[in-house]
Structures are given as C-alpha cells and as structure tokens.
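What follows is one structure encoded as structure tokens, with my remarks underneath.
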Amino acid sequence: MTALKSKRPVNLPLSQVISVNLKSPVAIGSILHRISGVVIFLLIPALLYVLQRSLASEQDFNVVHDEIFGNVVVRLVVWVFLAGLIFHLIAGIKHLLADAGVAEELQSGRNASWLVLVLSGIGIAAAFVWVVL
Amino acid sequence: MKSATGLTGSGSRDWVVQRISAIVLAAYTLVVLGWLLCHSMSHLLDYTHWYGFMMTKPMKLFSLLTILSLAGHAWVGIWTVFTDYVNAVGVRLVLQAATVISIIVFLFWGVQIFW
C-alpha cells in the first residue's frame, strides 16, 4: 500500500503557496481577475446610486458632479472601482481569446498574462490621473 | 448531481452565460467610459449631454441588456468564488443567498433607473 501513497506534500504553508505563485504571471493574473470581480460586485450599489442621481435632474447631476465627486475620498473609491474594471476587462478579453484558441499554450499564455498586467497597470495609472488628481 | 445554487443548474450553460454576458459588459463599459472620457476632456460633461446620451432609445435598451448581463455574470462569478473558498456548507449557503438577493435588488434598481 505504501507504494500507492502519493508523496506529494499536502497542507503547504500559505507563505510557500504565495511565494511560488508570485513567480507566475498567469497565477497573479488569475487571482487578480477574481479579486477585481469581487471589488466590482461590492461597489455596484455605489455605481447605481451615482447613475440614478446623475440622471434624476440637473440639480442632482450637479450635486454628483460638484459635491460628491468633489470629495477626494469618493474619487479614490471611484478610482478603485475603475482599477477593478480595467483589470477585469483586459483579463477577461485575454480569457475569451484563450477560449477561442489564442495564446492558450504555456509560453504564449505566460506572455499574454504579462501583457495583461502591463496594459492594465498603464490603464490604472491613467485612471488615477483622470479621476483622482 | 446538479448544483442547486448555480445560475442555470448546468455547468456548461453557466459557462456560456458568463461568456455572452462578458461580451455585453465589455462593450457597454467601453462605450460609456469612452463617452465620459471624451466629454470630460472637452469639458462637455453636463446634465443635458449626459441625459441626452443615456436616455436615447438605443442606450436605454443597451443599459437594460447590460443590467441583465451583470446579474447573470455576477451570479456565476460570485458562485465560483464562494464554492472555491468557502468550504463550510452552512456559511456558503448564507453567503450565496445574500448574493442572490443582492443581485435581484440591483436588477430591479437598475431597470427602474431607465424605465
């Protein structure tokens, strides 16, 4: 029976799981895709509130535009939302392309994951300049 | 066994819903963010332009389609996250029920903004 027993380690310490996965752009992209999805989901009520008020009347629009968005904390939250959206969108496009057979091999997949990280990093930085500053 | 808490009760159907809704959500995001970017850059971001853009028939329909897609996409996505990371069945069921209720509230709220 001992010969059949798998020798693979179980219950690896979290620090080891993290250090191994941080070396892989695919793993980083995968977990960020999930985290960004959850962040977007949690901010849906805030998004709907802003959308509703901005369309309710000219007065409400101006309150959203000048007072609500005038607060730097709100703009930071909007930026976090946009950051999640930008990453989720770009990673999602990569995912759909992989479904269609584009960049689905080991090396091409790694390259595509790097591209997603770089492009979304640029987009998120640009969003910071647009929304927060 | 079929999953009772997934969206359609079929993994492959959930998979298709996730992809089709993803395309709608991506298109809507690019259109609305693109519009906001252009209008804020050219200092034309005011109520008249915003309302005039969002409340046209095509945009109202596009928004409705997007709200429906968001509900389906969030259901499948959050379900995946919970089934992967929350192992205690009782806790997971409570979280999934809360998610489904939130999604239904968001759905009606979103529809009511445009209709």
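Just so we're on the same page: first chain in the structure tokens is A, next is B, and so on; residues restart at 1 for each chain, and ligands are numbered from 1 in the order they show up.
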
Specify as a ChimeraX atom specification all residues of chain A found within 12 Å of chain B, counting only C-alpha atoms.
-> /A:30-31,33-66,82,85-100,126-127,130-131

Exercise: Leu133 of chain A partners within 12 Å, only C-alpha atoms, chain neighbours under 2 positions left out, as a ChimeraX atom specification | /A:69-73,75-76,79,125-131

Name the residues of chain A that come out as alpha helix (DSSP H) in a backbone DSSP run; write them as JSON, numbers by chain.
-> {"A": [14, 15, 16, 17, 18, 19, 20, 21, 25, 26, 27, 28, 29, 30, 31, 32, 33, 34, 35, 36, 37, 38, 39, 40, 41, 42, 43, 44, 45, 46, 47, 48, 49, 50, 51, 52, 53, 54, 55, 56, 58, 59, 60, 61, 62, 72, 73, 74, 75, 76, 77, 78, 79, 80, 81, 82, 83, 84, 85, 86, 87, 88, 89, 90, 91, 92, 93, 94, 95, 96, 97, 98, 99, 106, 107, 108, 109, 110, 111, 112, 113, 114, 115, 116, 117, 118, 119, 120, 121, 122, 123, 124, 125, 126, 127, 128, 129, 130, 131]}

By how many Å are atom CA of Ala83 of chain A and atom CA of Gly121 of chain A apart?
->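 That distance, rounded to one decimal, is 8.7 Å.
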
Could you please determine the separation between atom CA of Thr5 of chain B and atom CA of Thr66 of chain B in Å, to one decimal place?
-> 22.4 Å

Hey, what's within 8 Å of Thr83 of chain B if we count only C-alpha atoms and toss same-chain stuff fewer than 4 positions away? As a VMD selection string, please?
-> chain B and resid 79 87 92
